[in-house]
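As stored in entry35.txt (compact mmCIF, C-alpha atoms):
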# COMPACT_ATOMS: atom_id res chain seq x y z
CA MET B 287 15.48 -1.36 0.62
CA ARG B 288 13.25 -0.44 3.54
CA GLU B 289 12.00 3.07 4.02
CA LYS B 290 13.32 5.07 6.94
CA MET B 291 11.03 4.59 9.92
CA ILE B 292 9.59 7.26 12.19
CA SER B 293 11.94 8.83 14.74
CA LYS B 294 11.25 9.07 18.48
CA ALA B 295 11.00 12.86 18.13
CA GLN B 296 8.33 12.48 15.42
CA ILE B 297 6.37 10.01 17.55
CA THR B 298 6.44 12.42 20.49
CA LYS B 299 5.39 15.36 18.31
CA ILE B 300 2.51 13.46 16.70
CA GLN B 301 1.25 12.08 20.02
CA THR B 302 1.38 15.57 21.59
CA MET B 303 -0.40 17.16 18.64
CA LEU B 304 -3.13 14.50 18.59
CA SER B 305 -3.68 14.90 22.34
CA ARG B 306 -3.88 18.70 22.11
CA LEU B 307 -6.34 18.42 19.24
CA GLY B 308 -8.53 16.11 21.34
CA PHE B 309 -8.27 12.92 19.30
CA SER B 310 -9.50 9.78 21.07
CA ALA B 311 -7.40 6.62 20.80
CA GLU B 312 -9.89 5.19 18.32
CA ASP B 313 -9.78 8.36 16.20
CA ARG B 314 -5.97 8.32 16.22
CA HIS B 315 -5.87 4.76 14.96
CA GLU B 316 -8.45 5.51 12.27
CA LEU B 317 -6.54 8.60 11.11
CA ILE B 318 -3.25 6.69 10.87
CA SER B 319 -4.93 3.74 9.17
CA THR B 320 -6.43 6.09 6.56
CA LEU B 321 -3.10 7.85 6.06
CA THR B 322 -1.27 4.56 5.46
CA HIS B 323 -4.04 3.02 3.34
CA ASN B 324 -4.70 0.41 6.06
CA ARG B 325 -1.04 -0.66 6.27
CA THR B 326 -0.92 0.22 9.99
CA SER B 327 -2.93 2.00 12.64
CA SER B 328 -0.03 2.58 15.02
CA THR B 329 2.13 5.70 15.16
CA LYS B 330 5.27 3.67 15.81
CA ASP B 331 4.87 1.81 12.48
CA LEU B 332 4.76 4.96 10.33
CA THR B 333 7.58 5.72 7.93
CA SER B 334 9.45 8.97 8.37
CA LYS B 335 7.77 10.32 5.22
CA GLU B 336 4.29 9.45 6.52
CA ALA B 337 5.10 11.04 9.88
CA THR B 338 6.22 14.26 8.20
CA TYR B 339 3.02 14.32 6.13
CA LEU B 340 0.89 13.77 9.26
CA ILE B 341 2.70 16.50 11.21
CA ASN B 342 2.24 18.96 8.34
CA TYR B 343 -1.41 17.98 8.02
CA LEU B 344 -2.05 18.43 11.76
CA ASN B 345 -0.33 21.82 11.59
CA GLY B 346 -2.67 22.83 8.75
CA ARG B 347 0.14 23.19 6.22
CA ILE B 348 -1.38 20.74 3.77
CA SER B 349 -4.87 19.48 3.03
CA PRO B 350 -5.73 15.79 3.17
CA LYS B 351 -6.02 13.80 0.00
CA SER B 352 -9.56 13.69 -1.28
CA VAL B 353 -11.69 10.65 -0.59
CA GLN B 354 -11.77 9.94 -4.31
CA GLU B 355 -7.94 10.00 -4.54
CA GLN B 356 -7.72 7.60 -1.60
CA GLN B 357 -10.29 5.26 -3.16
CA GLU B 358 -8.46 5.29 -6.49
CA TYR B 359 -5.16 4.54 -4.75
CA GLN B 360 -6.71 1.66 -2.80
CA GLU B 361 -8.32 0.30 -5.97
CA GLN B 362 -4.96 0.38 -7.78
CA CYS B 363 -3.32 -1.41 -4.85
CA LYS B 364 -6.08 -4.02 -4.83
CA ASN B 365 -5.62 -4.62 -8.57
CA GLU B 366 -1.86 -5.06 -8.17
CA VAL B 367 -2.35 -7.53 -5.30
CA ALA B 368 -4.89 -9.49 -7.38
CA ALA B 369 -2.42 -9.62 -10.28
CA ILE B 370 0.34 -10.88 -7.97
CA TYR B 371 -1.92 -13.65 -6.62
CA ARG B 372 -2.92 -14.68 -10.17
CA LEU B 373 0.75 -14.81 -11.17
CA SER B 374 1.55 -16.89 -8.07
CA TYR B 375 -0.89 -19.55 -9.33
CA MET B 376 0.65 -19.41 -12.80
CA VAL B 377 4.22 -19.94 -11.50
CA GLY B 378 3.07 -22.83 -9.30
CA MET B 379 3.62 -21.12 -5.96
CA SER B 380 -0.10 -21.20 -5.10
CA TYR B 381 -2.75 -23.85 -5.59
CA GLY B 382 -6.19 -24.93 -4.37
CA ASP B 383 -9.57 -23.28 -3.99
CA THR B 384 -10.56 -23.85 -0.38
CA TRP B 385 -10.38 -21.21 2.31
CA ALA B 386 -7.51 -23.11 3.98
CA ASP B 387 -5.62 -23.27 0.68
CA LYS B 388 -6.05 -19.52 0.20
CA MET B 389 -4.78 -18.78 3.71
CA MET B 390 -1.76 -21.02 3.11
CA ASN B 391 -1.11 -19.33 -0.24
CA ILE B 392 -1.23 -15.88 1.36
CA ALA B 393 1.27 -17.01 3.99
CA LYS B 394 3.57 -18.49 1.32
CA ILE B 395 3.47 -15.38 -0.83
CA ASN B 396 4.11 -13.10 2.16
CA ARG B 397 7.04 -15.24 3.25
CA PHE B 398 8.46 -15.25 -0.27
CA CYS B 399 8.09 -11.46 -0.50
CA ARG B 400 9.80 -10.94 2.88
CA GLU B 401 12.68 -13.31 2.21
CA ARG B 402 13.25 -13.17 -1.55
CA GLY B 403 11.15 -10.30 -2.82
CA THR B 404 12.54 -7.07 -4.19
CA VAL B 405 10.84 -5.08 -1.40
CA LYS B 406 11.34 -7.43 1.61
CA LYS B 407 7.86 -6.78 3.07
CA ASN B 408 4.52 -8.53 3.34
CA ILE B 409 2.17 -7.59 0.53
CA THR B 410 -0.20 -5.89 2.99
CA GLU B 411 2.60 -3.52 4.03
CA MET B 412 3.56 -2.47 0.50
CA THR B 413 2.82 0.84 -1.15
CA LEU B 414 1.60 1.02 -4.75
CA PRO B 415 5.10 1.48 -6.26
CA GLU B 416 6.35 -1.46 -4.16
CA LEU B 417 3.42 -3.61 -5.32
CA LYS B 418 4.30 -2.75 -8.93
CA LYS B 419 7.92 -3.86 -8.36
CA THR B 420 6.69 -7.10 -6.82
CA ARG B 421 4.32 -7.71 -9.74
CA LYS B 422 7.23 -7.24 -12.17
CA GLN B 423 9.23 -9.77 -10.16
CA PHE B 424 6.40 -12.33 -10.41
CA GLU B 425 6.03 -11.65 -14.15
CA THR B 426 9.76 -12.24 -14.58
CA MET B 427 9.49 -15.50 -12.64
CA LEU B 428 6.65 -16.61 -14.92
CA ASN B 429 8.62 -15.73 -18.06
CA ASN B 430 11.71 -17.53 -16.73
CA ASN B 431 9.60 -20.61 -15.92
CA ALA B 432 8.16 -20.57 -19.45
CA ASP B 433 11.62 -20.15 -20.99
CA ASN B 434 12.98 -23.04 -18.89
CA ALA B 435 10.04 -25.26 -19.85
CA VAL B 436 10.64 -24.59 -23.55
CA LYS B 437 14.37 -25.30 -23.17
CA LYS B 438 13.66 -28.58 -21.36
CA LEU B 439 11.19 -29.61 -24.05
CA ILE B 440 13.73 -28.85 -26.79
CA ASP B 441 16.47 -30.75 -24.93
CA LYS B 442 14.15 -33.72 -24.40
CA THR B 443 13.16 -33.71 -28.06
CA LEU B 444 16.79 -33.56 -29.20
CA LYS B 445 17.81 -36.39 -26.85
CA THR B 446 14.89 -38.52 -28.04
CA ASN B 447 15.81 -37.90 -31.70
CA LYS B 448 19.47 -38.78 -31.07
CA HIS B 449 18.40 -41.98 -29.37
CA GLU B 450 16.15 -42.91 -32.32
CA GLU B 451 19.04 -42.31 -34.78
CA PHE B 452 21.12 -44.93 -32.99
CA ILE B 453 18.28 -47.47 -33.09
CA GLN B 454 17.80 -47.26 -36.88
What do you get writing this file as structure tokens?
Amino acid sequence: MREKMISKAQITKIQTMLSRLGFSAEDRHELISTLTHNRTSSTKDLTSKEATYLINYLNGRISPKSVQEQQEYQEQCKNEVAAIYRLSYMVGMSYGDTWADKMMNIAKINRFCRERGTVKKNITEMTLPELKKTRKQFETMLNNNADNAVKKLIDKTLKTNKHEEFIQ
């Protein structure tokens, strides 16, 4: 389920506030990019929740998250993404070591996440809780693949043994 996106009224309010506070276009993009942990740098791509946070911050109602908190959050996100990519290799979705292979794998994983993922977003657009859901989905896929492989091996063994009984 997608988060509710920013409303036109919120966009107008944010743009007005940023202009009155003297933010340059570059500063606006940097502020929004920091707020969204590099998910977007555009006001129109904010969620409603992020827009509310930004409005409250610009009004001085709340203080920004500390640099350390932001770095910890980004590190956790990076670790989740790394785990998802490792799992994608283990389930057979990704392969290869060249730069071109890696770019193709990223595209495949993003497409999978958009079309079949629990969150329906590219990995780069996901928040930490969404990345954790996606990681669980990949872990489940790996476990299901392992279970299916074991079942196939057992079936193959049983069929081979039945065939040998008829030969003797």
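Restricting the calculation to all atoms listed in the file, the smallest distance between Lys299 (chain B) and any of B:Lys406, B:Arg397, B:Lys364, B:Lys330 is found for B:Lys330.
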Query - Residues within 12 Å of (11.6, -10.2, -0.7), file coords, all atoms listed in the file, listed as a VMD selection string - result: chain B and resid 287 to 288 394 to 409 412 416 to 417 419 to 421 423 to 424
Could you turn the residues from that selection into a file that holds C-alpha atoms, as a compact mmCIF listing (two decimals), in the frame of the given file?
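To be explicit, this is the file written out as again.txt:
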# COMPACT_ATOMS: atom_id res chain seq x y z
CA MET B 287 15.48 -1.36 0.62
CA ARG B 288 13.25 -0.44 3.54
CA LYS B 394 3.57 -18.49 1.32
CA ILE B 395 3.47 -15.38 -0.83
CA ASN B 396 4.11 -13.10 2.16
CA ARG B 397 7.04 -15.24 3.25
CA PHE B 398 8.46 -15.25 -0.27
CA CYS B 399 8.09 -11.46 -0.50
CA ARG B 400 9.80 -10.94 2.88
CA GLU B 401 12.68 -13.31 2.21
CA ARG B 402 13.25 -13.17 -1.55
CA GLY B 403 11.15 -10.30 -2.82
CA THR B 404 12.54 -7.07 -4.19
CA VAL B 405 10.84 -5.08 -1.40
CA LYS B 406 11.34 -7.43 1.61
CA LYS B 407 7.86 -6.78 3.07
CA ASN B 408 4.52 -8.53 3.34
CA ILE B 409 2.17 -7.59 0.53
CA MET B 412 3.56 -2.47 0.50
CA GLU B 416 6.35 -1.46 -4.16
CA LEU B 417 3.42 -3.61 -5.32
CA LYS B 419 7.92 -3.86 -8.36
CA THR B 420 6.69 -7.10 -6.82
CA ARG B 421 4.32 -7.71 -9.74
CA GLN B 423 9.23 -9.77 -10.16
CA PHE B 424 6.40 -12.33 -10.41
Requested in this report: Just the residues within 12 Å of Gln301 (chain B), please, counting all atoms listed in the file, with nothing from its chain fewer than 3 positions along; format it as a ChimeraX atom specification.
Outcome: /B:294-298,304-311,314-315,318,328-330,337,340-341,344
For region 379-383 of chain B, please output as a CSV table (one decimal) with C-alpha atoms, keeping the file's coordinate frame all residues within 12 Å (counting all atoms listed in the file; exclusion window: fewer than 3 positions along the same chain).
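Listing of around-v2.csv after writing:
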chain,number,residue,atom,x,y,z
B,370,ILE,CA,0.3,-10.9,-8.0
B,371,TYR,CA,-1.9,-13.6,-6.6
B,372,ARG,CA,-2.9,-14.7,-10.2
B,373,LEU,CA,0.8,-14.8,-11.2
B,374,SER,CA,1.6,-16.9,-8.1
B,375,TYR,CA,-0.9,-19.6,-9.3
B,376,MET,CA,0.6,-19.4,-12.8
B,386,ALA,CA,-7.5,-23.1,4.0
B,387,ASP,CA,-5.6,-23.3,0.7
B,388,LYS,CA,-6.0,-19.5,0.2
B,389,MET,CA,-4.8,-18.8,3.7
B,390,MET,CA,-1.8,-21.0,3.1
B,391,ASN,CA,-1.1,-19.3,-0.2
B,392,ILE,CA,-1.2,-15.9,1.4
B,393,ALA,CA,1.3,-17.0,4.0
B,394,LYS,CA,3.6,-18.5,1.3
B,395,ILE,CA,3.5,-15.4,-0.8
B,396,ASN,CA,4.1,-13.1,2.2
B,397,ARG,CA,7.0,-15.2,3.2
B,398,PHE,CA,8.5,-15.2,-0.3
B,399,CYS,CA,8.1,-11.5,-0.5
B,424,PHE,CA,6.4,-12.3,-10.4
B,427,MET,CA,9.5,-15.5,-12.6
B,428,LEU,CA,6.6,-16.6,-14.9
B,431,ASN,CA,9.6,-20.6,-15.9
Query raised in the report: For the atom pair CA of Lys290 (chain B) and CA of Thr333 (chain B), what is the interatomic distance in Å to one decimal place?
Result: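 Result for CA of Lys290 (chain B) versus CA of Thr333 (chain B): 5.9 Å, one decimal.
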Report summary line: Of B:Gln360, B:Gln354, B:Asn430, B:Thr326, the one nearest to Val377 (chain B) when counting all atoms listed in the file is B:Asn430
Query raised in the report: Which residue gives the smallest distance to Asp313 (chain B) among B:Ser327, B:Glu355, B:Ala435, B:Ile348, with all atoms listed in the file counted?
Result: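 Closest residue, counting all atoms listed in the file: B:Ser327.
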Could you name the residues that touch Thr413 (chain B) at 9 Å or less, counting all atoms listed in the file, but leaving out those on the same chain fewer than 6 positions away, as a PDB file with C-alpha atoms, in the frame of the given file?
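What landed in out25.pdb:
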ATOM      1  CA  THR B 322      -1.270   4.560   5.460  1.00  0.00           C
ATOM      2  CA  HIS B 323      -4.040   3.020   3.340  1.00  0.00           C
ATOM      3  CA  ARG B 325      -1.040  -0.660   6.270  1.00  0.00           C
ATOM      4  CA  CYS B 363      -3.320  -1.410  -4.850  1.00  0.00           C
TER       5      CYS B 363
END
Requested in this report: Find, counting only C-alpha atoms, the residue in B:Leu414, B:Thr338, B:Lys422, B:Thr302 that gets nearest to Glu358 (chain B).
Outcome: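 Checking each of B:Leu414, B:Thr338, B:Lys422, B:Thr302 against Glu358 (chain B), counting only C-alpha atoms, the winner is B:Leu414.
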Query raised in the report: For the atom pair CA of Thr443 (chain B) and CA of Gly378 (chain B), what is the interatomic distance in Å to one decimal place?
Result: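 Interatomic distance here is 23.9 Å.
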